[in-house]
file query02.csv (CSV, C-alpha atoms)
chain,number,residue,atom,x,y,z
Z,1,MET,CA,24.4,0.3,-4.9
Z,2,THR,CA,26.1,0.3,-1.5
Z,3,ALA,CA,26.0,-2.4,1.2
Z,4,LEU,CA,24.0,0.0,3.3
Z,5,THR,CA,21.3,0.2,0.6
Z,6,LEU,CA,21.2,-3.6,0.3
Z,7,LEU,CA,20.9,-3.9,4.1
Z,8,MET,CA,18.0,-1.4,4.2
Z,9,MET,CA,16.3,-3.3,1.3
Z,10,VAL,CA,16.5,-6.5,3.3
Z,11,LEU,CA,15.3,-4.9,6.5
Z,12,ALA,CA,12.4,-3.2,4.5
Z,13,TYR,CA,11.4,-6.6,3.1
Z,14,LEU,CA,11.4,-8.2,6.5
Z,15,ALA,CA,9.4,-5.3,8.0
Z,16,GLY,CA,6.9,-5.5,5.1
Z,17,SER,CA,6.5,-9.2,5.7
Z,18,VAL,CA,4.7,-8.6,9.0
Z,19,SER,CA,1.1,-9.1,8.0
Z,20,SER,CA,-0.8,-6.4,9.9
Z,21,ALA,CA,-4.2,-7.8,8.6
Z,22,VAL,CA,-3.5,-11.3,10.0
Z,23,LEU,CA,-2.2,-10.1,13.3
Z,24,VAL,CA,-5.0,-7.6,13.8
Z,25,SER,CA,-7.6,-10.2,12.9
Z,26,ARG,CA,-6.2,-12.5,15.5
Z,27,LEU,CA,-6.1,-9.8,18.1
Z,28,PHE,CA,-9.8,-9.0,17.4
Z,29,GLY,CA,-10.9,-12.6,17.1
Z,30,LEU,CA,-11.8,-12.2,13.4
Z,31,PRO,CA,-11.6,-14.8,10.6
Z,32,ASP,CA,-8.3,-15.1,8.7
Z,33,PRO,CA,-8.4,-12.5,6.0
Z,34,ARG,CA,-6.3,-14.7,3.7
Z,35,THR,CA,-9.2,-17.3,3.6
Z,36,GLN,CA,-12.3,-15.2,4.3
Z,37,GLY,CA,-14.0,-12.3,2.4
Z,38,SER,CA,-11.9,-11.4,-0.6
Z,39,GLY,CA,-9.0,-13.5,0.6
Z,40,ASN,CA,-6.8,-10.3,0.5
Z,41,PRO,CA,-5.0,-9.6,3.8
Z,42,GLY,CA,-5.5,-5.8,3.6
Z,43,ALA,CA,-7.4,-3.1,5.4
Z,44,THR,CA,-10.4,-3.2,3.1
Z,45,ASN,CA,-11.0,-6.9,3.7
Z,46,VAL,CA,-10.5,-6.5,7.4
Z,47,TYR,CA,-13.1,-3.7,7.3
Z,48,ARG,CA,-15.5,-6.1,5.7
Z,49,LEU,CA,-14.8,-8.8,8.2
Z,50,GLY,CA,-14.4,-6.8,11.4
Z,51,GLY,CA,-15.4,-3.1,11.0
Z,52,ARG,CA,-13.7,0.2,11.2
Z,53,ILE,CA,-11.4,0.0,14.3
Z,54,ALA,CA,-9.7,-3.2,13.1
Z,55,ALA,CA,-9.4,-1.8,9.6
Z,56,PHE,CA,-7.9,1.5,10.8
Z,57,LEU,CA,-5.4,-0.3,12.9
Z,58,THR,CA,-4.4,-2.6,10.0
Z,59,LEU,CA,-4.1,0.5,7.7
Z,60,PHE,CA,-2.0,2.4,10.3
Z,61,LEU,CA,0.4,-0.5,10.7
Z,62,ASP,CA,0.7,-1.2,7.0
Z,63,VAL,CA,1.5,2.5,6.4
Z,64,LEU,CA,4.2,2.3,9.0
Z,65,LYS,CA,5.8,-0.7,7.3
Z,66,GLY,CA,6.5,1.6,4.3
Z,67,THR,CA,7.3,4.8,6.2
Z,68,ILE,CA,9.8,3.7,8.7
Z,69,PRO,CA,12.3,1.9,6.4
Z,70,VAL,CA,12.2,4.8,3.9
Z,71,TRP,CA,12.5,7.4,6.6
Z,72,ILE,CA,15.5,5.7,8.2
Z,73,SER,CA,17.1,5.2,4.7
Z,74,TYR,CA,16.6,8.9,4.0
Z,75,PHE,CA,18.4,10.0,7.2
Z,76,LEU,CA,21.2,7.5,6.5
Z,77,GLY,CA,21.9,9.5,3.3
Z,78,ILE,CA,20.7,6.9,0.7
Z,79,GLU,CA,20.1,8.5,-2.7
Z,80,ALA,CA,16.6,9.2,-4.0
Z,81,ILE,CA,16.6,6.4,-6.7
Z,82,PHE,CA,17.7,3.8,-4.1
Z,83,LEU,CA,15.0,5.0,-1.7
Z,84,GLY,CA,12.6,3.8,-4.3
Z,85,LEU,CA,14.2,0.4,-4.1
Z,86,VAL,CA,13.9,0.3,-0.4
Z,87,ALA,CA,10.2,1.3,-0.7
Z,88,ILE,CA,9.7,-1.5,-3.3
Z,89,ALA,CA,11.3,-4.0,-1.0
Z,90,ALA,CA,8.9,-3.0,1.8
Z,91,CYS,CA,6.0,-3.5,-0.6
Z,92,LEU,CA,7.3,-6.8,-1.9
Z,93,GLY,CA,7.4,-7.9,1.8
Z,94,HIS,CA,3.8,-7.0,2.1
Z,95,ILE,CA,2.8,-8.7,-1.1
Z,96,PHE,CA,4.9,-11.8,-0.6
Z,97,PRO,CA,5.4,-12.0,3.2
Z,98,LEU,CA,8.2,-14.3,4.4
Z,99,TYR,CA,6.4,-15.1,7.7
Z,100,PHE,CA,2.9,-15.8,6.2
Z,101,GLY,CA,3.5,-18.3,3.4
Z,102,PHE,CA,4.2,-15.5,0.8
Z,103,LYS,CA,0.4,-14.8,0.6
Z,104,GLY,CA,0.0,-11.0,1.1
Z,105,GLY,CA,-2.0,-8.0,0.2
Z,106,LYS,CA,-1.9,-5.5,-2.7
Z,107,GLY,CA,0.7,-3.2,-1.1
Z,108,VAL,CA,-1.3,0.1,-1.4
Z,109,SER,CA,-1.1,1.2,2.2
Z,110,THR,CA,2.6,0.3,2.4
Z,111,ALA,CA,3.4,2.1,-0.8
Z,112,LEU,CA,1.6,5.2,0.3
Z,113,GLY,CA,3.4,5.0,3.6
Z,114,ALA,CA,6.7,4.8,1.7
Z,115,MET,CA,5.8,8.1,0.0
Z,116,LEU,CA,5.0,10.0,3.2
Z,117,PRO,CA,8.6,11.0,4.0
Z,118,ILE,CA,8.7,13.0,0.8
Z,119,GLY,CA,6.5,15.6,2.4
Z,120,LEU,CA,3.2,16.5,4.0
Z,121,ASP,CA,2.1,18.2,0.8
Z,122,LEU,CA,2.4,15.0,-1.2
Z,123,SER,CA,0.8,13.0,1.6
Z,124,GLY,CA,-2.1,15.4,1.7
Z,125,LEU,CA,-2.7,15.2,-2.1
Z,126,LEU,CA,-2.5,11.3,-2.0
Z,127,ILE,CA,-5.0,11.1,0.9
Z,128,ILE,CA,-7.4,13.6,-0.7
Z,129,THR,CA,-7.2,11.8,-4.0
Z,130,TRP,CA,-8.0,8.4,-2.4
Z,131,ILE,CA,-10.9,9.8,-0.3
Z,132,VAL,CA,-12.5,11.7,-3.1
Z,133,THR,CA,-12.3,8.7,-5.5
Z,134,VAL,CA,-13.8,6.4,-2.9
Z,135,PHE,CA,-16.5,8.9,-2.0
Z,136,ILE,CA,-17.5,9.3,-5.7
Z,137,SER,CA,-17.1,5.7,-6.9
Z,138,GLY,CA,-17.2,3.5,-3.8
Z,139,TYR,CA,-14.3,1.4,-5.2
Z,140,SER,CA,-11.3,1.0,-3.0
Z,141,SER,CA,-9.3,-0.5,-5.9
Z,142,LEU,CA,-10.1,2.3,-8.3
Z,143,ALA,CA,-9.1,4.8,-5.6
Z,144,ALA,CA,-5.8,3.1,-5.2
Z,145,LEU,CA,-5.2,2.9,-8.9
Z,146,ILE,CA,-6.0,6.6,-9.5
Z,147,THR,CA,-3.9,7.7,-6.4
Z,148,VAL,CA,-0.8,5.8,-7.4
Z,149,SER,CA,-1.1,6.8,-11.0
Z,150,LEU,CA,-1.2,10.5,-10.0
Z,151,ALA,CA,1.6,10.1,-7.4
Z,152,PRO,CA,4.5,10.5,-9.9
Z,153,LEU,CA,2.8,13.7,-11.3
Z,154,TYR,CA,2.3,15.1,-7.8
Z,155,THR,CA,5.9,14.3,-6.9
Z,156,TRP,CA,7.2,16.0,-10.1
Z,157,PHE,CA,5.7,19.3,-9.0
Z,158,ILE,CA,6.7,18.9,-5.3
Z,159,LYS,CA,10.1,17.2,-5.2
Z,160,PRO,CA,11.1,16.1,-8.8
Z,161,GLN,CA,14.2,14.2,-7.7
Z,162,TYR,CA,11.9,11.5,-6.3
Z,163,THR,CA,9.7,11.2,-9.3
Z,164,LEU,CA,11.4,8.1,-10.7
Z,165,ALA,CA,11.4,6.3,-7.4
Z,166,VAL,CA,7.7,7.0,-6.9
Z,167,ALA,CA,7.0,5.9,-10.5
Z,168,MET,CA,8.7,2.6,-9.9
Z,169,LEU,CA,6.5,2.1,-6.8
Z,170,SER,CA,3.4,3.1,-8.6
Z,171,LEU,CA,4.0,0.6,-11.4
Z,172,LEU,CA,4.4,-2.2,-8.9
Z,173,ILE,CA,1.0,-1.4,-7.3
Z,174,ILE,CA,-0.7,-1.1,-10.7
Z,175,LEU,CA,0.6,-4.5,-11.8
Z,176,ARG,CA,-0.6,-5.9,-8.5
Z,177,HIS,CA,-4.1,-4.7,-9.3
Z,178,ARG,CA,-4.4,-6.3,-12.7
Z,179,GLY,CA,-7.3,-8.5,-11.5
Z,180,ASN,CA,-9.1,-5.5,-10.1
Z,181,ILE,CA,-8.6,-3.6,-13.4
Z,182,ILE,CA,-10.2,-6.5,-15.3
Z,183,ARG,CA,-13.2,-6.6,-12.9
Z,184,LEU,CA,-13.6,-2.8,-13.0
Z,185,LEU,CA,-13.8,-2.9,-16.8
Z,186,LYS,CA,-16.3,-5.7,-16.7
Z,187,GLY,CA,-18.4,-4.0,-14.0
Z,188,LYS,CA,-17.8,-6.9,-11.5
Z,189,GLU,CA,-15.7,-5.2,-8.9
Z,190,SER,CA,-17.3,-4.9,-5.4
Z,191,ARG,CA,-17.6,-1.6,-3.6
Z,192,ILE,CA,-15.8,-1.0,-0.3
Z,193,TRP,CA,-19.1,-1.3,1.7
Z,194,ASP,CA,-20.2,-4.5,0.0
Z,195,LYS,CA,-19.4,-6.8,2.9
Z,196,GLY,CA,-21.0,-9.8,1.3
Z,197,LYS,CA,-19.0,-9.9,-1.8
Z,198,ALA,CA,-15.7,-11.7,-2.2
Z,199,ASN,CA,-13.5,-9.7,-4.5
Z,200,GLU,CA,-11.3,-6.8,-3.8

call {"tool": "encode", "arguments": {"input": "query02.csv", "output": "structure tokens"}}
result
Amino acid sequence: MTALTLLMMVLAYLAGSVSSAVLVSRLFGLPDPRTQGSGNPGATNVYRLGGRIAAFLTLFLDVLKGTIPVWISYFLGIEAIFLGLVAIAACLGHIFPLYFGFKGGKGVSTALGAMLPIGLDLSGLLIITWIVTVFISGYSSLAALITVSLAPLYTWFIKPQYTLAVAMLSLLIILRHRGNIIRLLKGKESRIWDKGKANE
């Protein structure tokens, strides 16, 4: 691992540590998503607390936190496997944000953003998978789990050299959703439009 890779990992973590949900909620005069709703500072909780515009802005910024560090690292010539480490660093920043008391979100949007530089074909498959799963089930968490689980398979067919990096990222997101997995199995997970429920 080179000094450049380490530098990009640090910068990715610092970028990921910017909590879009908290900043957007403050901008829109919404309750703190870390203490209201599900308590998860992510786009789904912001949607429940403040509606579509605030949620979309949160989602957009969270995606950028993953895309920009990985994109820059790619153009700097960092190898595929280490691009995965840069992506993981960005997600860890989102999950454990330095500037917000290390209380962050699940990292799904940032992880998907980190996969976007691989190509528009992969991006399209990931987005379609998420939308279809949400449309059918109504569960944001289930959509995230299915999408990241299929991401390594999609990558294998599109650009196989990035499969291991994507698999590492997917594993992190799945582990982060262990509470959601338990609630889904017990039938206690709330759907994305259930604004009055407190889990996510």

call {"tool": "closest_atom_pairs", "arguments": {"input": "query02.csv", "of": "region 97-147 of chain Z", "to": "region 158-176 of chain Z", "cutoff": "9 Å", "atoms": "only C-alpha atoms", "output": "Markdown table"}}
result
| residue | atom | partner | partner_atom | distance |
| --- | --- | --- | --- | --- |
| Z:Lys106 | CA | Z:Arg176 | CA | 6.0 |
| Z:Gly107 | CA | Z:Ile173 | CA | 6.5 |
| Z:Val108 | CA | Z:Ile173 | CA | 6.5 |
| Z:Ala111 | CA | Z:Leu169 | CA | 6.8 |
| Z:Ala114 | CA | Z:Leu169 | CA | 8.9 |
| Z:Met115 | CA | Z:Val166 | CA | 7.2 |
| Z:Ile118 | CA | Z:Lys159 | CA | 7.5 |
| Z:Gly119 | CA | Z:Ile158 | CA | 8.4 |
| Z:Asp121 | CA | Z:Ile158 | CA | 7.7 |
| Z:Leu122 | CA | Z:Ile158 | CA | 7.1 |
| Z:Ala144 | CA | Z:Ile173 | CA | 8.4 |
| Z:Leu145 | CA | Z:Ile174 | CA | 6.3 |
| Z:Thr147 | CA | Z:Ser170 | CA | 8.9 |

call {"tool": "residues_around", "arguments": {"input": "query02.csv", "residues": "Gly16 (chain Z)", "least_positions_apart": "5", "cutoff": "10 Å", "atoms": "only C-alpha atoms", "output": "list in words"}}
result
Val10, Leu11, Leu61, Asp62, Val63, Leu64, Lys65, Gly66, Pro69, Ala87, Ile88, Ala89, Ala90, Cys91, Leu92, Gly93, His94, Ile95, Phe96, Pro97, Leu98, Tyr99, Gly104, Gly107 and Thr110 of chain Z

call {"tool": "write_last_selection", "arguments": {"input": "query02.csv", "atoms": "C-alpha atoms", "output": "mmCIF file, in the frame of the given file"}}
result
data_model
loop_
_atom_site.group_PDB
_atom_site.id
_atom_site.type_symbol
_atom_site.label_atom_id
_atom_site.label_comp_id
_atom_site.auth_asym_id
_atom_site.auth_seq_id
_atom_site.Cartn_x
_atom_site.Cartn_y
_atom_site.Cartn_z
ATOM 1 C CA VAL Z 10 16.500 -6.500 3.300
ATOM 2 C CA LEU Z 11 15.300 -4.900 6.500
ATOM 3 C CA LEU Z 61 0.400 -0.500 10.700
ATOM 4 C CA ASP Z 62 0.700 -1.200 7.000
ATOM 5 C CA VAL Z 63 1.500 2.500 6.400
ATOM 6 C CA LEU Z 64 4.200 2.300 9.000
ATOM 7 C CA LYS Z 65 5.800 -0.700 7.300
ATOM 8 C CA GLY Z 66 6.500 1.600 4.300
ATOM 9 C CA PRO Z 69 12.300 1.900 6.400
ATOM 10 C CA ALA Z 87 10.200 1.300 -0.700
ATOM 11 C CA ILE Z 88 9.700 -1.500 -3.300
ATOM 12 C CA ALA Z 89 11.300 -4.000 -1.000
ATOM 13 C CA ALA Z 90 8.900 -3.000 1.800
ATOM 14 C CA CYS Z 91 6.000 -3.500 -0.600
ATOM 15 C CA LEU Z 92 7.300 -6.800 -1.900
ATOM 16 C CA GLY Z 93 7.400 -7.900 1.800
ATOM 17 C CA HIS Z 94 3.800 -7.000 2.100
ATOM 18 C CA ILE Z 95 2.800 -8.700 -1.100
ATOM 19 C CA PHE Z 96 4.900 -11.800 -0.600
ATOM 20 C CA PRO Z 97 5.400 -12.000 3.200
ATOM 21 C CA LEU Z 98 8.200 -14.300 4.400
ATOM 22 C CA TYR Z 99 6.400 -15.100 7.700
ATOM 23 C CA GLY Z 104 0.000 -11.000 1.100
ATOM 24 C CA GLY Z 107 0.700 -3.200 -1.100
ATOM 25 C CA THR Z 110 2.600 0.300 2.400
#

call {"tool": "atom_distance", "arguments": {"input": "query02.csv", "atom1": "CA of Ala43 (chain Z)", "atom2": "CA of Ile181 (chain Z)"}}
result
18.8 Å

call {"tool": "atom_distance", "arguments": {"input": "query02.csv", "atom1": "CA of Gly101 (chain Z)", "atom2": "CA of Gly84 (chain Z)"}}
result
25.1 Å

call {"tool": "atom_distance", "arguments": {"input": "query02.csv", "atom1": "CA of Ala80 (chain Z)", "atom2": "CA of Val148 (chain Z)"}}
result
18.1 Å

call {"tool": "build_atoms", "arguments": {"input": "query02.csv", "residues": "region 57-76 of chain Z", "atoms": "N, CA and C atoms", "output": "mmCIF file, in the coordinates of the input"}}
result
data_model
loop_
_atom_site.group_PDB
_atom_site.id
_atom_site.type_symbol
_atom_site.label_atom_id
_atom_site.label_comp_id
_atom_site.auth_asym_id
_atom_site.auth_seq_id
_atom_site.Cartn_x
_atom_site.Cartn_y
_atom_site.Cartn_z
ATOM 1 N N LEU Z 57 -6.620 0.127 12.317
ATOM 2 C CA LEU Z 57 -5.400 -0.300 12.900
ATOM 3 C C LEU Z 57 -4.517 -1.066 11.871
ATOM 4 N N THR Z 58 -5.161 -1.867 11.037
ATOM 5 C CA THR Z 58 -4.400 -2.600 10.000
ATOM 6 C C THR Z 58 -3.830 -1.541 8.999
ATOM 7 N N LEU Z 59 -4.618 -0.548 8.619
ATOM 8 C CA LEU Z 59 -4.100 0.500 7.700
ATOM 9 C C LEU Z 59 -2.950 1.237 8.312
ATOM 10 N N PHE Z 60 -3.069 1.609 9.566
ATOM 11 C CA PHE Z 60 -2.000 2.400 10.300
ATOM 12 C C PHE Z 60 -0.697 1.566 10.276
ATOM 13 N N LEU Z 61 -0.782 0.291 10.625
ATOM 14 C CA LEU Z 61 0.400 -0.500 10.700
ATOM 15 C C LEU Z 61 1.017 -0.793 9.316
ATOM 16 N N ASP Z 62 0.160 -0.975 8.319
ATOM 17 C CA ASP Z 62 0.700 -1.200 7.000
ATOM 18 C C ASP Z 62 1.371 0.076 6.437
ATOM 19 N N VAL Z 63 0.853 1.239 6.777
ATOM 20 C CA VAL Z 63 1.500 2.500 6.400
ATOM 21 C C VAL Z 63 2.888 2.598 7.037
ATOM 22 N N LEU Z 64 2.962 2.271 8.318
ATOM 23 C CA LEU Z 64 4.200 2.300 9.000
ATOM 24 C C LEU Z 64 5.291 1.432 8.416
ATOM 25 N N LYS Z 65 4.874 0.284 7.897
ATOM 26 C CA LYS Z 65 5.800 -0.700 7.300
ATOM 27 C C LYS Z 65 6.551 -0.020 6.099
ATOM 28 N N GLY Z 66 5.881 0.916 5.428
ATOM 29 C CA GLY Z 66 6.500 1.600 4.300
ATOM 30 C C GLY Z 66 7.275 2.847 4.770
ATOM 31 N N THR Z 67 6.693 3.572 5.725
ATOM 32 C CA THR Z 67 7.300 4.800 6.200
ATOM 33 C C THR Z 67 8.602 4.670 6.890
ATOM 34 N N ILE Z 68 8.632 3.765 7.846
ATOM 35 C CA ILE Z 68 9.800 3.700 8.700
ATOM 36 C C ILE Z 68 11.081 3.279 7.951
ATOM 37 N N PRO Z 69 11.084 2.229 7.112
ATOM 38 C CA PRO Z 69 12.300 1.900 6.400
ATOM 39 C C PRO Z 69 12.800 3.025 5.468
ATOM 40 N N VAL Z 70 11.862 3.688 4.785
ATOM 41 C CA VAL Z 70 12.200 4.800 3.900
ATOM 42 C C VAL Z 70 12.745 5.978 4.659
ATOM 43 N N TRP Z 71 12.092 6.278 5.751
ATOM 44 C CA TRP Z 71 12.500 7.400 6.600
ATOM 45 C C TRP Z 71 13.920 7.191 7.120
ATOM 46 N N ILE Z 72 14.168 5.999 7.640
ATOM 47 C CA ILE Z 72 15.500 5.700 8.200
ATOM 48 C C ILE Z 72 16.546 5.764 7.040
ATOM 49 N N SER Z 73 16.198 5.224 5.881
ATOM 50 C CA SER Z 73 17.100 5.200 4.700
ATOM 51 C C SER Z 73 17.441 6.673 4.312
ATOM 52 N N TYR Z 74 16.431 7.529 4.351
ATOM 53 C CA TYR Z 74 16.600 8.900 4.000
ATOM 54 C C TYR Z 74 17.642 9.599 4.935
ATOM 55 N N PHE Z 75 17.483 9.364 6.232
ATOM 56 C CA PHE Z 75 18.400 10.000 7.200
ATOM 57 C C PHE Z 75 19.782 9.349 7.182
ATOM 58 N N LEU Z 76 19.880 8.149 6.612
ATOM 59 C CA LEU Z 76 21.200 7.500 6.500
ATOM 60 C C LEU Z 76 21.901 8.011 5.196
#
